[in-house]
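Student: my_file-v1.txt is reproduced in full below (compact mmCIF, C-alpha atoms and all ligand atoms).
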```txt
# COMPACT_ATOMS: atom_id res chain seq x y z
CA MET A 1 44.27 -39.10 70.54
CA ASP A 2 47.19 -37.56 72.41
CA GLU A 3 47.79 -33.84 72.19
CA GLU A 4 50.97 -34.12 70.16
CA LEU A 5 49.20 -36.15 67.47
CA TYR A 6 46.24 -33.79 67.47
CA ASN A 7 48.53 -30.79 66.99
CA LYS A 8 50.38 -32.63 64.21
CA TYR A 9 47.15 -33.16 62.27
CA VAL A 10 45.98 -29.58 62.85
CA LYS A 11 49.31 -28.40 61.45
CA LEU A 12 49.07 -30.72 58.45
CA GLY A 13 45.73 -29.14 57.53
CA ARG A 14 47.03 -25.57 57.68
CA GLY A 15 47.41 -23.53 54.51
CA ASN A 16 45.31 -22.61 51.55
CA TRP A 17 43.26 -25.58 50.31
CA GLY A 18 42.31 -23.71 47.16
CA ARG A 19 39.20 -22.25 45.58
CA GLY A 20 36.01 -23.90 46.80
CA TYR A 21 37.86 -26.07 49.30
CA ASN A 22 37.63 -23.79 52.37
CA LEU A 23 34.48 -25.40 53.71
CA LEU A 24 36.10 -28.80 53.36
CA LYS A 25 39.06 -27.50 55.36
CA THR A 26 36.64 -26.27 58.05
CA MET A 27 35.03 -29.71 58.07
CA TYR A 28 38.45 -31.30 58.53
CA LEU A 29 39.30 -29.07 61.50
CA GLY A 30 35.81 -29.61 62.95
CA TYR A 31 36.26 -33.37 62.61
CA LEU A 32 39.61 -33.20 64.45
CA GLN A 33 37.97 -31.24 67.24
CA LEU A 34 35.17 -33.81 67.46
CA ILE A 35 37.48 -36.80 67.79
CA LYS A 36 40.14 -35.05 69.87
CA ASP A 37 39.30 -37.01 73.01
CA GLU A 38 38.65 -40.32 71.27
CA GLU A 39 40.97 -43.27 70.86
CA PHE A 40 43.20 -42.98 67.79
CA THR A 41 42.10 -46.05 65.84
CA PRO A 42 42.87 -47.11 62.24
CA VAL A 43 39.38 -45.89 61.33
CA VAL A 44 40.10 -42.43 62.74
CA GLU A 45 43.42 -42.40 60.88
CA LEU A 46 41.66 -43.38 57.65
CA SER A 47 39.11 -40.57 58.01
CA ILE A 48 41.86 -38.03 58.60
CA ASN A 49 43.73 -39.31 55.54
CA VAL A 50 40.63 -38.91 53.35
CA PHE A 51 40.75 -35.15 54.04
CA LEU A 52 44.52 -34.78 53.94
CA GLU A 53 44.88 -36.62 50.64
CA ILE A 54 42.56 -34.06 49.06
CA PHE A 55 44.58 -31.17 50.45
CA LYS A 56 47.79 -32.85 49.30
CA ALA A 57 46.40 -33.25 45.78
CA ARG A 58 45.44 -29.56 45.66
CA ARG A 59 48.88 -28.54 46.85
CA ASN A 60 50.68 -30.84 44.41
CA GLU A 61 48.28 -30.04 41.58
CA THR A 62 47.49 -33.71 41.03
CA PRO A 63 44.01 -34.70 39.82
CA ILE A 64 40.97 -35.04 42.07
CA ILE A 65 37.92 -36.97 40.92
CA MET A 66 34.51 -36.54 42.51
CA TYR A 67 32.26 -39.62 42.62
CA PRO A 68 29.20 -40.86 44.52
CA PHE A 69 29.07 -43.02 47.67
CA ASN A 70 28.04 -46.15 45.82
CA PHE A 71 31.24 -46.89 43.92
CA GLY A 72 34.51 -48.37 45.14
CA PRO A 73 37.39 -45.95 44.35
CA GLU A 74 39.98 -48.70 43.70
CA ILE A 75 40.72 -47.73 40.09
CA PHE A 76 41.28 -44.12 41.13
CA HIS A 77 43.73 -45.12 43.86
CA ALA A 78 45.56 -47.43 41.47
CA MET A 79 46.02 -44.50 39.10
CA ASP A 80 47.09 -41.95 41.75
CA ILE A 81 43.93 -39.93 41.20
CA THR A 82 42.60 -38.61 44.51
CA PRO A 83 38.98 -39.58 45.08
CA LEU A 84 36.58 -37.11 46.67
CA MET A 85 33.36 -38.83 47.65
CA GLN A 86 30.71 -36.19 46.93
CA GLU A 87 28.56 -37.03 49.97
CA MET A 88 31.54 -36.39 52.25
CA PHE A 89 30.83 -32.73 51.48
CA SER A 90 27.11 -32.45 50.69
CA VAL A 91 25.89 -34.97 53.31
CA GLY A 92 28.79 -34.28 55.69
CA LEU A 93 27.29 -30.82 56.24
CA ALA A 94 23.91 -32.25 57.34
CA PRO A 95 24.65 -32.85 61.06
CA SER A 96 25.51 -29.15 61.46
CA HIS A 97 22.54 -28.19 59.17
CA LEU A 98 24.90 -26.10 57.03
CA ASN A 99 23.64 -28.02 53.98
CA GLU A 100 20.23 -26.41 54.54
CA ILE A 101 21.62 -22.98 53.60
CA TYR A 102 22.61 -24.38 50.21
CA LEU A 103 19.38 -26.38 49.87
CA ASP A 104 17.41 -23.17 50.31
CA PHE A 105 19.54 -21.42 47.72
CA THR A 106 19.11 -24.36 45.32
CA ASN A 107 15.34 -24.07 45.83
CA LYS A 108 15.46 -20.35 45.18
CA VAL A 109 17.14 -20.79 41.81
CA GLY A 110 14.46 -23.34 40.95
CA TYR A 111 16.43 -26.57 40.80
CA GLY A 112 13.98 -29.31 41.76
CA ASP A 113 12.34 -29.71 45.13
CA ASN A 114 12.45 -32.26 47.91
CA PRO A 115 9.81 -34.63 46.54
CA THR A 116 11.46 -34.91 43.12
CA LEU A 117 15.23 -34.68 43.62
CA CYS A 118 17.31 -35.94 46.48
CA ASN A 119 18.87 -33.63 49.04
CA ALA A 120 21.95 -35.83 49.17
CA GLN A 121 23.11 -34.04 46.01
CA ARG A 122 21.04 -30.84 45.78
CA PRO A 123 23.03 -28.70 48.26
CA LEU A 124 26.00 -28.92 45.93
CA ILE A 125 24.12 -26.99 43.23
CA GLY A 126 23.66 -23.97 45.52
CA ALA A 127 27.16 -24.38 46.92
CA TYR A 128 28.70 -24.35 43.43
CA MET A 129 26.72 -21.23 42.56
CA GLN A 130 28.10 -19.52 45.66
CA ASP A 131 31.66 -20.67 45.06
CA SER A 132 31.59 -22.69 48.30
CA ALA A 133 31.95 -26.24 47.00
CA PRO A 134 35.12 -28.08 45.93
CA ILE A 135 35.55 -28.15 42.17
CA PRO A 136 37.28 -31.40 41.20
CA ASP A 137 39.29 -32.01 38.03
CA LEU A 138 37.11 -34.92 36.94
CA LEU A 139 33.60 -36.22 37.63
CA PHE A 140 32.39 -39.80 37.67
CA PHE A 141 28.93 -41.21 38.32
CA LEU A 142 26.67 -44.20 37.76
CA SER A 143 23.13 -44.66 36.45
CA THR A 144 22.17 -46.42 39.70
CA PRO A 145 20.89 -46.33 42.41
CA CYS A 146 18.72 -43.40 41.40
CA ASN A 147 17.79 -40.82 38.81
CA PRO A 148 18.23 -37.84 41.23
CA LEU A 149 21.92 -38.73 41.45
CA SER A 150 22.55 -39.20 37.75
CA ILE A 151 20.59 -36.06 36.82
CA SER A 152 22.33 -33.93 39.46
CA TYR A 153 25.78 -34.99 38.24
CA GLN A 154 24.89 -33.67 34.81
CA VAL A 155 24.07 -30.32 36.46
CA PHE A 156 27.39 -30.42 38.39
CA GLN A 157 29.09 -30.99 35.07
CA GLN A 158 27.36 -27.99 33.51
CA LEU A 159 28.13 -25.74 36.49
CA THR A 160 31.79 -26.66 36.82
CA GLY A 161 32.71 -27.41 33.21
CA VAL A 162 34.66 -30.43 34.47
CA PRO A 163 34.95 -33.49 32.17
CA SER A 164 32.74 -36.35 33.30
CA PHE A 165 32.34 -40.06 32.70
CA ASN A 166 29.46 -42.28 33.68
CA ILE A 167 28.71 -45.95 33.54
CA ASP A 168 25.42 -47.70 33.04
CA ILE A 169 24.66 -50.31 35.68
CA PRO A 170 22.91 -53.38 34.23
CA TYR A 171 19.63 -54.66 35.58
CA TRP A 172 20.16 -58.41 35.42
CA ALA A 173 22.11 -60.80 37.65
CA TYR A 174 25.59 -62.16 36.89
CA ASN A 175 25.17 -65.24 39.04
CA GLU A 176 24.14 -68.27 36.97
CA VAL A 177 21.95 -69.72 39.72
CA SER A 178 19.77 -66.61 39.82
CA GLU A 179 16.41 -66.65 38.00
CA PHE A 180 17.39 -63.19 36.74
CA TYR A 181 20.71 -64.31 35.25
CA ASP A 182 21.81 -62.80 31.97
CA GLU A 183 25.11 -63.91 30.45
CA LYS A 184 25.79 -60.43 29.05
CA THR A 185 25.83 -58.72 32.47
CA MET A 186 29.50 -59.28 33.35
CA ARG A 187 30.89 -58.40 29.94
CA TYR A 188 28.77 -55.24 29.85
CA ILE A 189 30.16 -53.91 33.13
CA ILE A 190 33.76 -55.06 32.54
CA ASP A 191 33.86 -53.26 29.18
CA GLN A 192 32.65 -50.07 30.81
CA LEU A 193 35.25 -50.28 33.59
CA LYS A 194 37.95 -50.69 30.95
CA SER A 195 36.58 -47.67 29.11
CA LEU A 196 36.71 -45.74 32.39
CA ILE A 197 40.42 -46.55 32.67
CA SER A 198 41.07 -45.47 29.08
CA TRP A 199 39.21 -42.22 29.74
CA LEU A 200 41.20 -41.60 32.94
CA GLU A 201 44.46 -42.33 31.10
CA LYS A 202 43.51 -39.81 28.44
CA GLN A 203 42.45 -37.17 30.95
CA THR A 204 45.49 -37.53 33.21
CA LYS A 205 48.00 -38.41 30.50
CA GLN A 206 49.27 -41.34 32.53
CA LYS A 207 48.97 -45.10 32.06
CA LEU A 208 47.64 -47.55 34.60
CA ASN A 209 50.69 -49.12 36.21
CA PRO A 210 50.22 -52.96 36.27
CA ASP A 211 52.18 -53.42 39.53
CA LYS A 212 50.20 -50.73 41.28
CA PHE A 213 46.97 -52.24 39.95
CA GLN A 214 47.96 -55.68 41.30
CA GLN A 215 48.77 -54.24 44.73
CA THR A 216 45.45 -52.38 44.78
CA MET A 217 43.59 -55.59 43.98
CA LEU A 218 45.44 -57.48 46.72
CA TRP A 219 44.53 -54.85 49.31
CA LEU A 220 40.97 -54.78 48.02
CA ASN A 221 40.64 -58.54 48.47
CA GLU A 222 42.13 -58.45 51.94
CA ALA A 223 39.74 -55.71 53.08
CA ARG A 224 36.77 -57.56 51.55
CA GLU A 225 37.79 -60.63 53.53
CA TYR A 226 37.68 -58.65 56.78
CA ALA A 227 34.37 -57.03 55.84
CA LEU A 228 32.87 -60.45 55.14
CA GLU A 229 34.03 -61.81 58.49
CA PHE A 230 32.75 -58.69 60.23
CA ASN A 231 29.30 -59.14 58.64
CA GLU A 232 29.22 -62.77 59.81
CA LEU A 233 30.16 -61.78 63.37
CA LEU A 234 27.18 -59.42 63.55
CA LYS A 235 24.88 -62.47 63.50
CA THR A 236 25.93 -63.22 67.09
CA VAL A 237 23.57 -62.45 69.96
CA PRO A 238 24.35 -60.01 71.52
CA CYS A 239 25.57 -58.16 68.43
CA PRO A 240 29.28 -57.45 69.02
CA ALA A 241 29.24 -53.99 67.41
CA ASP A 242 27.22 -50.82 67.91
CA SER A 243 24.74 -49.30 65.46
CA VAL A 244 27.25 -47.38 63.35
CA ALA A 245 30.06 -49.93 63.00
CA GLY A 246 28.62 -51.41 59.78
CA TYR A 247 28.35 -47.98 58.22
CA THR A 248 31.95 -47.29 59.21
CA ASN A 249 32.96 -50.51 57.47
CA THR A 250 31.39 -49.34 54.21
CA ILE A 251 32.88 -45.86 54.54
CA CYS A 252 36.35 -47.47 54.76
CA MET A 253 35.65 -49.18 51.42
CA ALA A 254 33.82 -46.30 49.74
CA THR A 255 36.58 -43.79 50.47
CA ARG A 256 39.80 -45.80 50.70
CA GLY A 257 38.95 -49.16 49.03
CA GLY A 258 42.10 -50.59 47.42
CA THR A 259 44.49 -48.92 49.89
CA TYR A 260 46.26 -50.20 52.97
CA ASP A 261 44.19 -47.74 55.05
CA ALA A 262 41.05 -49.74 54.17
CA VAL A 263 42.80 -53.00 55.08
CA LYS A 264 43.69 -51.59 58.50
CA GLY A 265 40.24 -50.03 59.05
CA THR A 266 38.24 -53.17 58.18
CA LYS A 267 40.66 -55.38 60.13
CA PHE A 268 40.24 -53.18 63.19
CA LEU A 269 36.44 -53.47 62.98
CA ARG A 270 36.64 -57.24 62.45
CA ASP A 271 39.10 -57.71 65.32
CA THR A 272 37.04 -55.61 67.73
CA ALA A 273 33.86 -57.55 66.88
CA ALA A 274 35.69 -60.91 67.14
CA GLU A 275 37.13 -60.00 70.53
CA ASN A 276 33.67 -59.02 71.78
CA VAL A 277 32.18 -62.30 70.54
CA LYS A 278 34.94 -64.23 72.30
CA ASN A 279 34.19 -62.42 75.56
CA GLY A 280 30.39 -62.46 75.16
CA ILE A 281 30.29 -58.66 75.09
CA GLY A 282 27.68 -56.74 73.10
CA GLY A 283 28.33 -53.57 71.12
CA ILE A 284 25.69 -51.92 73.34
CA PRO A 285 24.94 -52.73 76.98
CA ASP A 286 22.18 -55.26 77.71
CA GLU A 287 20.87 -55.72 74.13
CA LYS A 288 17.07 -56.15 74.02
CA ILE A 289 16.03 -55.28 70.47
CA ARG A 290 17.76 -55.98 67.14
CA ILE A 291 16.68 -53.59 64.40
CA ALA A 292 17.06 -53.87 60.61
CA TRP A 293 17.00 -50.42 58.99
CA PRO A 294 17.07 -51.15 55.25
CA TYR A 295 17.56 -47.58 54.14
CA THR A 296 20.01 -44.74 54.80
CA HIS A 297 20.71 -43.13 58.17
CA VAL A 298 18.88 -39.95 59.12
CA PHE A 299 22.00 -37.93 58.44
CA PHE A 300 20.94 -34.69 60.07
CA ASP A 301 20.39 -36.53 63.37
CA TYR A 302 23.55 -38.33 64.44
CA GLY A 303 22.09 -38.78 67.91
CA LEU A 304 19.27 -41.04 66.71
CA PHE A 305 21.01 -44.43 66.94
CA PRO A 306 22.71 -43.64 70.27
CA TRP A 307 19.26 -42.57 71.56
CA LEU A 308 17.79 -45.94 70.47
CA GLU A 309 20.67 -47.72 72.18
CA ARG A 310 20.21 -45.73 75.40
CA GLU A 311 16.44 -45.60 75.65
CA PHE A 312 15.52 -49.05 74.34
CA ASN A 313 18.74 -51.08 74.47
CA ALA A 314 18.13 -51.42 70.74
CA VAL A 315 21.00 -52.08 68.35
CA THR A 316 20.55 -51.25 64.66
CA ILE A 317 22.40 -54.09 63.00
CA LEU A 318 21.56 -53.35 59.40
CA ASP A 319 21.40 -50.16 57.45
CA LEU A 320 21.36 -50.32 53.68
CA ILE A 321 24.64 -48.51 53.10
CA GLY A 322 26.34 -50.16 56.05
CA PHE A 323 26.21 -53.71 54.77
CA TYR A 324 29.24 -54.07 52.52
CA GLN A 325 28.55 -57.14 50.41
CA PRO A 326 31.25 -57.48 47.71
CA LEU A 327 33.17 -60.69 48.32
CA PRO A 328 36.88 -61.48 47.92
CA GLN A 329 37.54 -62.85 44.42
CA ASP A 330 40.09 -64.75 42.36
CA ILE A 331 42.54 -62.09 41.13
CA SER A 332 45.15 -64.41 39.59
CA THR A 333 44.99 -62.80 36.12
CA ASN A 334 44.34 -59.34 34.77
CA GLU A 335 40.96 -60.40 33.44
CA LYS A 336 40.04 -61.90 36.82
CA CYS A 337 40.93 -58.55 38.44
CA PHE A 338 38.40 -56.86 36.19
CA GLU A 339 35.81 -59.50 37.06
CA SER A 340 36.45 -58.74 40.71
CA LEU A 341 35.99 -54.99 40.16
CA ALA A 342 32.84 -55.66 38.13
CA LYS A 343 31.31 -57.85 40.85
CA GLY A 344 32.25 -55.23 43.44
CA THR A 345 30.51 -52.56 41.36
CA LEU A 346 27.35 -54.64 40.91
CA ASP A 347 27.18 -55.70 44.57
CA PHE A 348 28.15 -52.37 46.14
CA PRO A 349 25.84 -51.20 48.97
CA MET A 350 22.59 -49.86 47.53
CA ILE A 351 23.58 -50.90 43.99
CA GLY A 352 23.24 -54.63 44.62
CA THR A 353 19.81 -54.22 46.20
CA CYS A 354 18.41 -51.41 44.04
CA ARG A 355 19.67 -52.03 40.50
CA GLY A 356 17.17 -54.63 39.25
CA PRO A 357 13.90 -56.44 39.93
CA ILE A 358 12.25 -55.74 43.28
CA GLU A 359 13.11 -59.31 44.33
CA TYR A 360 16.76 -58.24 44.84
CA TYR A 361 15.67 -55.93 47.66
CA ILE A 362 12.90 -58.09 49.12
CA ASP A 363 15.08 -61.21 49.27
CA PHE A 364 17.94 -59.22 50.78
CA VAL A 365 15.76 -57.84 53.59
CA ILE A 366 14.00 -61.16 54.33
CA ASN A 367 17.27 -63.11 54.43
CA TYR A 368 18.78 -60.47 56.65
CA VAL A 369 15.85 -60.58 59.10
CA LYS A 370 16.20 -64.36 59.36
CA ASP A 371 20.00 -64.63 59.45
CA TYR A 372 20.57 -61.79 61.90
CA LYS A 373 17.71 -62.67 64.27
CA VAL A 374 16.09 -59.30 63.79
CA ASP A 375 13.18 -58.25 66.06
CA CYS A 376 11.76 -55.45 63.91
CA VAL A 377 12.32 -53.59 60.66
CA ILE A 378 12.25 -49.80 60.41
CA PHE A 379 12.04 -48.10 57.01
CA PRO A 380 12.58 -44.32 57.10
CA MET A 381 11.59 -43.22 53.61
CA GLN A 382 11.76 -40.12 51.44
CA PHE A 383 9.71 -39.58 48.31
CA ALA A 384 12.69 -38.37 46.25
CA CYS A 385 14.16 -41.87 46.52
CA LYS A 386 11.47 -43.13 44.18
CA HIS A 387 12.74 -46.67 43.61
CA ALA A 388 13.14 -47.32 47.36
CA TYR A 389 9.86 -45.57 48.12
CA LEU A 390 8.07 -47.93 45.73
CA MET A 391 9.73 -51.05 47.10
CA THR A 392 9.15 -50.31 50.76
CA ARG A 393 5.46 -51.15 51.19
CA VAL A 394 5.73 -54.41 49.22
CA THR A 395 8.86 -55.40 51.13
CA SER A 396 7.30 -54.54 54.46
CA GLU A 397 4.33 -56.81 53.70
CA ALA A 398 6.59 -59.60 52.46
CA VAL A 399 8.65 -59.41 55.67
CA ARG A 400 5.56 -59.61 57.86
CA GLU A 401 4.10 -62.50 55.87
CA GLU A 402 7.25 -64.55 55.70
CA THR A 403 8.83 -63.89 59.07
CA GLY A 404 6.10 -62.40 61.28
CA VAL A 405 8.51 -59.62 62.25
CA PRO A 406 6.79 -56.21 62.74
CA THR A 407 7.70 -53.29 60.48
CA LEU A 408 7.44 -49.51 60.64
CA ILE A 409 7.49 -47.12 57.68
CA PHE A 410 7.68 -43.38 58.22
CA GLY A 411 8.32 -40.41 55.96
CA VAL A 412 11.47 -38.35 56.50
CA ASP A 413 14.03 -36.39 54.55
CA PRO A 414 17.32 -37.80 55.86
CA TYR A 415 19.16 -34.62 54.81
CA ASP A 416 16.81 -31.85 55.91
CA SER A 417 15.89 -31.47 59.58
CA ARG A 418 12.95 -29.21 58.77
CA GLU A 419 10.83 -31.74 56.86
CA VAL A 420 10.19 -34.18 59.71
CA THR A 421 11.88 -33.18 62.94
CA SER A 422 14.04 -35.31 65.23
CA ASP A 423 11.33 -35.17 67.89
CA ALA A 424 8.68 -36.41 65.46
CA ILE A 425 10.95 -39.29 64.34
CA ARG A 426 11.69 -40.28 67.93
CA GLY A 427 7.98 -40.13 68.75
CA LYS A 428 7.05 -42.50 65.91
CA ILE A 429 9.80 -45.01 66.68
CA SER A 430 9.10 -44.86 70.39
CA GLU A 431 5.40 -45.64 69.86
CA PHE A 432 6.24 -48.55 67.53
CA LEU A 433 8.80 -50.08 69.86
CA THR A 434 6.76 -49.76 73.05
CA GLN A 435 3.36 -50.69 71.64
CA ILE A 436 4.26 -53.34 69.06
CA VAL A 437 7.77 -54.71 69.47
CA LEU A 438 8.31 -54.96 73.22
S1 LIG B 1 18.81 -41.49 49.16
FE1 LIG B 1 17.86 -42.41 47.33
S2 LIG B 1 17.51 -40.71 45.94
FE2 LIG B 1 19.02 -40.04 47.49
S3 LIG B 1 21.05 -40.49 46.61
FE3 LIG B 1 20.48 -42.24 47.85
S4 LIG B 1 19.49 -43.64 46.41
FE4 LIG B 1 19.51 -41.63 45.45
```
Show how you would write the structure in this file as structure tokens.
Tutor:
Amino acid sequence: MDEELYNKYVKLGRGNWGRGYNLLKTMYLGYLQLIKDEEFTPVVELSINVFLEIFKARRNETPIIMYPFNFGPEIFHAMDITPLMQEMFSVGLAPSHLNEIYLDFTNKVGYGDNPTLCNAQRPLIGAYMQDSAPIPDLLFFLSTPCNPLSISYQVFQQLTGVPSFNIDIPYWAYNEVSEFYDEKTMRYIIDQLKSLISWLEKQTKQKLNPDKFQQTMLWLNEAREYALEFNELLKTVPCPADSVAGYTNTICMATRGGTYDAVKGTKFLRDTAAENVKNGIGGIPDEKIRIAWPYTHVFFDYGLFPWLEREFNAVTILDLIGFYQPLPQDISTNEKCFESLAKGTLDFPMIGTCRGPIEYYIDFVINYVKDYKVDCVIFPMQFACKHAYLMTRVTSEAVREETGVPTLIFGVDPYDSREVTSDAIRGKISEFLTQIVL
């Protein structure tokens, strides 16, 4: 990014962001500092806009809604409600370990502990109690993927007094060819999305504008098209993207889905991967190992994937959040638009694989291993994530039986560097790769 642009963005972030938003402002300035010497891509622009839109909303006194990482914010964008993805704050603090201060405070006041509730949400409890976390105008959450998330949002609601709305994610499949198909699934989710809109209209005293909704759906479809093509390109050997490109793809959709920013971000990722495929270039030099990582990143250790790339020429093609699966849909009528939103909600990363029978997850991992020519599967796992914790061992055995690909499971808290250290994680992976995979 050239200096003039950098200074422009620093200037745009100046001023009072409002009560509880100071740490977010610090994160914004820290992010600018971090990317100062990097190329100014559409993805960088999107990330900057995520912060600036929040500041703009505070300044203009327009509503901000906080929501979790596993929901596309299209409806919010269509209604000019600024989305604030909760993890942007509570997990965004993990690489600098600042979240640990709030985790310790949350422990002290007696709210849960690591084995029972997830540290993706828990820091926010302590941060709210210390007046350090952004208080939104509205809260939204889902019953899936986990009970730590849905329980913690009820605590956020109590602490902030902010009105909240939640939707129940159904268990069964909407696809008629699935053995788990239930004809009521689609109607159940569409009705809830319509109720969400009615609730938002009531809270904000503004109606959903049909033209704006149509534009949002067009941009959503276009971005999904790019995401789909990007996912297909990753099947190429060598993989044309590095270990975090997939995650970046999902972040585009989870923060700016339904906007032109997301169209530009996903197109950039697709174009870069396509160009690399055309030229036979890998996302990492001299690819030797292709890893599937069907869980979250270890968020406190951003150096882990680059270390794997450097030390083992290993590219992590899959992580569970970084595989954006919702497909482009027919949006020719209003009802079709709602079907598209419903399918996007049911197939969203971590929802699609974790919302129903264990077969959803097992089949997903096995198909991925086969389609993406994966050499090994690594499952970092925390006990708080009870549904994933339960599925891991069975899935690991199913992968080995059906594909012969070796697997590694190890315990870790992805949000707390003190549970299992970076060195211990590297030691375990190193042993697995050198003694079993290579
Ligand atoms: S890591 Fe697991 S427990 Fe934590 S928020 Fe994600 S799904 Fe929920």
Student: Kindly assemble as a tab-separated table a list of the range 397-427 of chain A residues that lie within 10 Å of range 71-93 of chain A, each paired with its nearest atom pair and their distance in Å to one decimal, using only C-alpha atoms, sorted first by chain and then by ascending residue number.
Tutor:
```
residue	atom	partner	partner_atom	distance
A:Pro414	CA	A:Val91	CA	9.4
A:Tyr415	CA	A:Val91	CA	6.9
A:Asp416	CA	A:Val91	CA	9.9
```
Student: Grab me every residue within 7 Å of ligand LIG 1 (chain B), counting all atoms listed in the file, and send it over as a list in words.
Tutor: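 Using all atoms listed in the file, I find these residues within 7 Å of ligand LIG 1 (chain B): Leu117, Cys118, Asn119, Ala120, Gln121, Pro145, Cys146, Asn147, Pro148, Leu149, Thr296, Ala384, Cys385, Lys386 and Ala388 of chain A.
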Student: Put those residues in a file: C-alpha atoms, as a short mmCIF file (atom, residue, chain, number, x, y, z; two decimals), in the coordinates of the input.
Tutor:
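The resulting file, part_19.cif, is reproduced below:
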```cif
data_model
loop_
_atom_site.label_atom_id
_atom_site.label_comp_id
_atom_site.auth_asym_id
_atom_site.auth_seq_id
_atom_site.Cartn_x
_atom_site.Cartn_y
_atom_site.Cartn_z
CA LEU A 117 15.23 -34.68 43.62
CA CYS A 118 17.31 -35.94 46.48
CA ASN A 119 18.87 -33.63 49.04
CA ALA A 120 21.95 -35.83 49.17
CA GLN A 121 23.11 -34.04 46.01
CA PRO A 145 20.89 -46.33 42.41
CA CYS A 146 18.72 -43.40 41.40
CA ASN A 147 17.79 -40.82 38.81
CA PRO A 148 18.23 -37.84 41.23
CA LEU A 149 21.92 -38.73 41.45
CA THR A 296 20.01 -44.74 54.80
CA ALA A 384 12.69 -38.37 46.25
CA CYS A 385 14.16 -41.87 46.52
CA LYS A 386 11.47 -43.13 44.18
CA ALA A 388 13.14 -47.32 47.36
#
```
Student: Set the distance at 12 Å and use only C-alpha atoms: which residues neighbour range 190-196 of chain A once local chain neighbours fewer than 4 positions away are removed? I'd like the list as a VMD selection string.
Tutor: chain A and resid 71 to 76 79 138 to 142 164 to 170 174 184 to 186 200 to 203 208 334 to 346
Student: May I have the residues within 12 Å of Lys108 in chain A as JSON, numbers by chain, using only C-alpha atoms and disregarding those fewer than 6 positions away in the same chain?
Tutor: {"A": [101, 102, 122, 123, 125, 126, 129]}
Student: Output C-alpha atoms for every residue in that selection, as a compact mmCIF listing (two decimals), in the coordinates of the input.
Tutor:
```
# COMPACT_ATOMS: atom_id res chain seq x y z
CA ILE A 101 21.62 -22.98 53.60
CA TYR A 102 22.61 -24.38 50.21
CA ARG A 122 21.04 -30.84 45.78
CA PRO A 123 23.03 -28.70 48.26
CA ILE A 125 24.12 -26.99 43.23
CA GLY A 126 23.66 -23.97 45.52
CA MET A 129 26.72 -21.23 42.56
```
Student: Considering only C-alpha atoms, state which residue in the set A:Leu218, A:Ile409, A:Met391, A:Val43 is at the smallest distance from Lys267 in chain A.
Tutor: A:Val43
Student: Could you tell me which of A:Val420, A:Cys239, A:Leu159, A:Val374 comes closest to Ile281 in chain A if we count only C-alpha atoms?
Tutor: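 Among the listed residues, A:Cys239 lies closest to Ile281 in chain A.
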Student: Identify, on the basis of only C-alpha atoms, every residue whose closest approach to Gly411 in chain A does not exceed 7 Å; exclude the query and any residue fewer than 5 positions from it along the same chain; express the result as a ChimeraX atom specification.
Tutor: /A:380-382
Student: What is the distance, in Å and to one decimal place, between CA of Gly112 in chain A and CA of Val155 in chain A?
Tutor: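 Taking CA of Gly112 in chain A as the start and CA of Val155 in chain A as the end point, the length is 11.4 Å.
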Student: Quick one: everything within 10 Å of Asp182 in chain A, counting all atoms listed in the file, minus sequence neighbours fewer than 6 positions away in the same chain. Send it as an MDAnalysis selection string.
Tutor: chainID A and resid 170:176
Student: Fewer than 4 positions away in the same chain doesn't count, so skip those; otherwise give me all residues within 9 Å of Ser132 in chain A, counting only C-alpha atoms, as a list in words.
Tutor: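 Skipping anything fewer than 4 positions along the chain leaves Arg19, Gly20, Tyr21, Asn22, Leu23, Leu124, Gly126, Ala127 and Tyr128 of chain A.
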Student: Could you tell me which of A:Tyr67, A:Trp293, A:Tyr28, A:Trp17 comes closest to Ala314 in chain A if we count all atoms listed in the file?
Tutor: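 Checking each of A:Tyr67, A:Trp293, A:Tyr28, A:Trp17 against Ala314 in chain A, counting all atoms listed in the file, the winner is A:Trp293.
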Student: Could you please determine the separation between CA of Ile362 in chain A and CA of Leu408 in chain A in Å, to one decimal place?
Tutor: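 Atom-to-atom, CA of Ile362 in chain A to CA of Leu408 in chain A, that is 15.4 Å.
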Student: Ranking A:Tyr188, A:Phe323, A:Phe69, A:Phe299 by minimum distance to Asp413 in chain A and counting all atoms listed in the file, which one comes first?
Tutor: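 Selected residue with least distance to Asp413 in chain A: A:Phe299.
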Student: For CA of Asn313 in chain A and CA of Asp363 in chain A, quote the distance in Å rounded to one decimal.
Tutor: 27.4 Å
Student: Considering all atoms listed in the file, can you say which of A:Pro306, A:Leu24, A:Ile48, A:Ile321 comes closest to Lys8 in chain A?
Tutor: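 Of all the options, A:Ile48 lies closest to Lys8 in chain A.
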